[in-house]
Structures are given as C-alpha cells and as structure tokens.
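Heads up, the thing below is written out as structure tokens.
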Amino acid sequence: MQGLTRTGEPTVLKHWQISLLWRVPTSGGPVYLKAVPDFFAREVRVTPARAAGVPGAAPPVLAADEGRGLLLLADAGTDVDAPDLPALLRHVARVQRASLPLLPALGLEDRGPAQVRSRLADLFSDEVLLVGEEGGLTPGEAGRLRALRPELEAALTRLEASPLPLTLGHGDLHGGNVVERAGEFTLLDWSDACVTHPFLDANAAYLTAHGTPTPPEDIAAAHDAYLSEWADLAPLDDLRGLHADALRAGELFRALGYVDNIQPHVEDPQEWRGAHLEHLRKVLPE
C-alpha cells in the first residue's frame, strides 16, 4: 500500500486515554499511525477533508478508517520551537477561511459564541468548578468568576453578531499541534474539531515558543497579522475589539472542550478531572 515498505519497528510516541500514536520507519521516510476512541472519531473524518482541500491544514493522509478510528499520516515537518508568530497566525486565518466550503459535509458540533453562552450556567456550577475540592476553585475564585458572567455574555453576544462567519474550529490550537517544513506550517490533531467563531480559536499566546516568554508587543503584532486576513469584512479597529472579546471568551471555549468532549467519555475521568480549570482561571483578572 502506498508503495512503502516498513524498515524498522514502530515507536510509540503517545499512549493515553484519548489517542495512541506510533511513528513507523518506512522506505519513504517516517509515517504516523494514530488511533482514536469512538468519541474522537470526528478526527478521522475531518483530517482527510482538510488535508485534501486546504494546504497546511493537516498532514497528508495515506489511509483512514473511521470505523476503527485509524489514521495513517505522512510526515509533515518538525516541531516549531520558535515560530514566526505573524506568519503562523496568518496561516491559521487562511486555513479557517479556506475551510468554509467543507463545513456542510462534516457534520460537526456547534461550539460557537451562542452555544458557549448557553453553557455558562453549567460551566460555572460548583460541580464543574470543583469548588472547595483539592485542585478546584476556592469559593472566592468561583464568586469572582461568576461575577464576570455579564461581561462574558456581552462579549459572546458581540462575537455572535459580528460580520465574520463561523468556521471550522480546531478547539485545541497550541504550539504542540503545529509543525513546519521549509517555512510552511501544518496544523495537527483535529480531534476537537467543531464549528465556531474563528477568533475563539486564535490566541498567539498558545502558539509561542515553549517555555519562552514572548513580549506583549510581539503577541500584539501576531494578532494584527491575523486580523489583517479578515480586514475585508470589518475595519481593523472593530476586529481588534472583537478579538479582545474572543481572547477572554476563548478560555471558556477551550474549557468546554474538556468538559463536554473528554471528561464524560474517558474510562478513568480522574486523569482529566480538573484540566478545564486552567482555562477558567485565566479568565480571572490577575
């Protein structure tokens, strides 16, 4: 198949409750076999459509079996330690816009601003915030977060009313899900794919070099580069205001990825029990 011959033993790169990933040496270079559970089967459906229709949106797919949750992927590059943030954010915007024609056929869940807003009561409940439990929010933190609800609802309402279309969302866009080859970026891991407002998915702070603080002016420049790709739809100052809303509301969007798509489904929920709280704490003023 694909004219490739395995030349060595597969190496397990990741083995946990939400995926299993092998690197397999072949006569044509390394390939990657990924297995996902049923609740992430959307990745096997979305990745081939992205790879075939949108350059740099996903690695080339050599084979896919949605029934068994398997993807065989070609190598797409290496991890990016210090990405060119403006170029990477422009790439994200272009991928988002180019994906619009694919949406009707993919049948993905809606995690846009209106849906996020509808989930705030559940998201801010004692049960989800783990109030008073080890690792959970303190009663004071929970109270401060709930006090922000009107502001967050207003931000989500502005995003919902914005002139930008809902696009294919990644849901977990961070530096570990980006590779680069010859200056060209490719996005990885579409297990959290959804339909959402594009700005909720675009936060340069998650895409910076690992462990290296990035000056605020560099983050701002990357965001302006991203927003320039949408400047045909609204003035840049309006886009900046909407993106500021999205940077805050995006933490709610990311938290729901854990609360709705992982925690109810994994065999051992303790592993993921408080993963969403990192994002909810970022909503609180420092």
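By order in the structure tokens, chains are A, B, ...; within a chain, residues start at 1; ligands start at 1, following the order shown.
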Subject >> Those in stretch 181-263 of chain A with helix (DSSP H, G or I) from DSSP, as a PyMOL selection string >> reply: chain A and resi 198-201+204-206+216-228+236-261
**OP:** Counting only C-alpha atoms, figure out which residue out of A:Pro163, A:Pro83, A:Gly107, A:Pro37 gets nearest to A:Ser191.
**Re:**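 Going through A:Pro163, A:Pro83, A:Gly107, A:Pro37 one by one, the smallest distance to A:Ser191 is for A:Pro37.
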Subject >> Residue neighbourhood A:Trp230, 10 Å, only C-alpha atoms, exclusion window fewer than 6 positions, as a list in words >> reply: Arg90, Ala93, Arg94, Arg97, Pro163, Leu164, Leu236 and Leu239 of chain A
Subject >> Length of the atom CA of A:Leu33 to atom CA of A:Leu21 vector [Å] >> reply: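 Separating atom CA of A:Leu33 from atom CA of A:Leu21 is a distance of 5.8 Å.
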Find the residues of stretch 22-135 of chain A that sit at most 12 Å from stretch 245-258 of chain A; for each, write down the nearest two atoms and how far apart they are in Å, to one decimal. Count only C-alpha atoms. Sort by chain, then by number going up, and give it as JSON lines.
```
{"residue": "A:Phe40", "atom": "CA", "partner": "A:Gly257", "partner_atom": "CA", "distance": 11.6}
{"residue": "A:Glu109", "atom": "CA", "partner": "A:Gly257", "partner_atom": "CA", "distance": 11.1}
{"residue": "A:Asp110", "atom": "CA", "partner": "A:Phe253", "partner_atom": "CA", "distance": 11.1}
{"residue": "A:Arg111", "atom": "CA", "partner": "A:Phe253", "partner_atom": "CA", "distance": 7.3}
{"residue": "A:Gly112", "atom": "CA", "partner": "A:Phe253", "partner_atom": "CA", "distance": 8.2}
{"residue": "A:Pro113", "atom": "CA", "partner": "A:Ala249", "partner_atom": "CA", "distance": 8.4}
{"residue": "A:Ala114", "atom": "CA", "partner": "A:Phe253", "partner_atom": "CA", "distance": 10.9}
{"residue": "A:Gln115", "atom": "CA", "partner": "A:Phe253", "partner_atom": "CA", "distance": 9.4}
{"residue": "A:Val116", "atom": "CA", "partner": "A:Phe253", "partner_atom": "CA", "distance": 6.4}
{"residue": "A:Arg117", "atom": "CA", "partner": "A:Leu252", "partner_atom": "CA", "distance": 9.0}
{"residue": "A:Ser118", "atom": "CA", "partner": "A:Leu256", "partner_atom": "CA", "distance": 11.4}
{"residue": "A:Arg119", "atom": "CA", "partner": "A:Leu256", "partner_atom": "CA", "distance": 8.4}
{"residue": "A:Leu120", "atom": "CA", "partner": "A:Leu252", "partner_atom": "CA", "distance": 8.4}
{"residue": "A:Ala121", "atom": "CA", "partner": "A:Leu252", "partner_atom": "CA", "distance": 11.8}
{"residue": "A:Asp122", "atom": "CA", "partner": "A:Leu256", "partner_atom": "CA", "distance": 10.1}
{"residue": "A:Leu123", "atom": "CA", "partner": "A:Leu256", "partner_atom": "CA", "distance": 7.7}
{"residue": "A:Phe124", "atom": "CA", "partner": "A:Leu252", "partner_atom": "CA", "distance": 10.1}
{"residue": "A:Val128", "atom": "CA", "partner": "A:Ala255", "partner_atom": "CA", "distance": 10.3}
{"residue": "A:Leu129", "atom": "CA", "partner": "A:Ala255", "partner_atom": "CA", "distance": 10.8}
```
Subject >> Long-range neighbours of A:Asp38 as a PyMOL selection string, 10 Å cut-off, only C-alpha atoms, 6 positions minimum in chain >> reply: chain A and resi 18+66-69+265
**OP:** Name the residues of stretch 36-190 of chain A that come out as strand (DSSP E or B) in a backbone DSSP run; write them as number ranges by chain.
**Re:** A: 61-65, 70-74, 78-79, 110, 167-169, 178-181, 184-187
**OP:** Fewer than 2 positions away in the same chain doesn't count, so skip those; otherwise give me all residues within 8 Å of stretch 206-216 of chain A, counting only C-alpha atoms, as JSON, numbers by chain.
**Re:** {"A": [80, 81, 82, 83, 85, 173, 174, 175, 176, 203, 204, 218, 219, 220]}
With all heavy atoms retained, export the selected residues as a CSV table (one decimal), in the first residue's frame.
```csv
chain,number,residue,atom,x,y,z
A,80,VAL,N,8.0,23.2,16.1
A,80,VAL,CA,8.4,24.5,15.9
A,80,VAL,C,8.8,25.1,17.3
A,80,VAL,O,7.9,25.4,18.1
A,80,VAL,CB,7.3,25.4,15.2
A,80,VAL,CG1,7.9,26.8,14.9
A,80,VAL,CG2,6.8,24.7,14.0
A,81,ASP,N,10.1,25.3,17.5
A,81,ASP,CA,10.5,25.8,18.8
A,81,ASP,C,10.3,27.3,18.9
A,81,ASP,O,9.9,27.8,20.0
A,81,ASP,CB,12.0,25.5,19.1
A,81,ASP,CG,12.2,24.0,19.3
A,81,ASP,OD1,11.3,23.3,19.8
A,81,ASP,OD2,13.3,23.5,18.9
A,82,ALA,N,10.5,28.0,17.9
A,82,ALA,CA,10.4,29.5,17.9
A,82,ALA,C,9.7,29.9,16.6
A,82,ALA,O,10.4,30.4,15.7
A,82,ALA,CB,11.7,30.2,18.1
A,83,PRO,N,8.4,29.8,16.5
A,83,PRO,CA,7.7,30.1,15.2
A,83,PRO,C,7.7,31.6,14.9
A,83,PRO,O,7.8,32.4,15.8
A,83,PRO,CB,6.3,29.6,15.5
A,83,PRO,CG,6.1,29.7,17.0
A,83,PRO,CD,7.5,29.4,17.6
A,85,LEU,N,5.6,34.1,14.6
A,85,LEU,CA,4.2,34.2,15.0
A,85,LEU,C,3.3,34.9,14.0
A,85,LEU,O,2.2,34.4,13.8
A,85,LEU,CB,4.1,34.9,16.4
A,85,LEU,CG,4.4,34.0,17.6
A,85,LEU,CD1,4.3,34.8,18.9
A,85,LEU,CD2,3.5,32.8,17.7
A,173,LEU,N,-5.8,24.6,19.7
A,173,LEU,CA,-4.7,25.1,18.9
A,173,LEU,C,-3.6,25.6,19.8
A,173,LEU,O,-3.8,26.7,20.4
A,173,LEU,CB,-5.2,26.1,17.9
A,173,LEU,CG,-4.3,26.5,16.8
A,173,LEU,CD1,-3.9,25.3,15.9
A,173,LEU,CD2,-5.0,27.6,15.9
A,174,HIS,N,-2.5,24.9,19.8
A,174,HIS,CA,-1.3,25.3,20.6
A,174,HIS,C,-0.1,24.9,19.9
A,174,HIS,O,-0.1,24.2,18.8
A,174,HIS,CB,-1.4,24.7,22.0
A,174,HIS,CG,-1.4,23.3,22.1
A,174,HIS,ND1,-0.3,22.5,21.8
A,174,HIS,CD2,-2.4,22.4,22.4
A,174,HIS,CE1,-0.7,21.2,21.9
A,174,HIS,NE2,-1.9,21.1,22.3
A,175,GLY,N,1.1,25.3,20.4
A,175,GLY,CA,2.3,25.1,19.7
A,175,GLY,C,2.7,23.7,19.4
A,175,GLY,O,3.3,23.3,18.5
A,176,GLY,N,2.2,22.8,20.3
A,176,GLY,CA,2.5,21.4,20.1
A,176,GLY,C,1.7,20.7,19.0
A,176,GLY,O,2.0,19.6,18.6
A,203,ASN,N,-5.3,32.5,19.4
A,203,ASN,CA,-4.6,33.1,20.5
A,203,ASN,C,-3.2,32.9,20.4
A,203,ASN,O,-2.7,31.8,20.7
A,203,ASN,CB,-5.2,32.7,21.9
A,203,ASN,CG,-4.6,33.4,23.1
A,203,ASN,OD1,-3.6,34.1,22.9
A,203,ASN,ND2,-5.3,33.4,24.2
A,204,ALA,N,-2.4,33.9,20.0
A,204,ALA,CA,-1.0,33.7,19.8
A,204,ALA,C,-0.2,33.3,21.0
A,204,ALA,O,0.8,32.6,20.9
A,204,ALA,CB,-0.4,35.0,19.2
A,218,ASP,N,5.1,41.6,20.7
A,218,ASP,CA,5.2,40.5,19.7
A,218,ASP,C,3.8,39.8,19.5
A,218,ASP,O,3.4,39.4,18.4
A,218,ASP,CB,6.3,39.6,20.0
A,218,ASP,CG,7.7,40.2,19.9
A,218,ASP,OD1,7.8,41.3,19.4
A,218,ASP,OD2,8.6,39.5,20.3
A,219,ILE,N,3.2,39.5,20.7
A,219,ILE,CA,1.8,38.9,20.6
A,219,ILE,C,0.9,39.8,19.9
A,219,ILE,O,0.1,39.4,19.0
A,219,ILE,CB,1.3,38.6,22.1
A,219,ILE,CG1,2.2,37.6,22.8
A,219,ILE,CG2,-0.1,38.2,22.0
A,219,ILE,CD1,2.1,36.2,22.3
A,220,ALA,N,0.9,41.1,20.2
A,220,ALA,CA,0.0,42.1,19.5
A,220,ALA,C,0.3,42.1,18.0
A,220,ALA,O,-0.7,42.2,17.2
A,220,ALA,CB,0.2,43.5,20.1
```
Original post:
Do you know which residues are at most 9 Å from A:Leu188 counting only C-alpha atoms, after dropping those on the same chain fewer than 4 positions away, and could you put them as a list in words?
Top reply: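 Within the cut-off, the hits are Thr47, Ala57, Ala58, Pro59, Leu173, Gly176, Asn177, Val178 and Val179 of chain A.
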Subject >> Distance query A:Gly77 at most 10 Å, only C-alpha atoms, self and fewer than 5 positions along chain excluded, as JSON, numbers by chain >> reply: {"A": [59, 178, 179, 180, 181, 182, 183, 184, 185, 186]}
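Between atom CA of A:Asp224 and atom CA of A:Val92 there is a distance of 12.8 Å.
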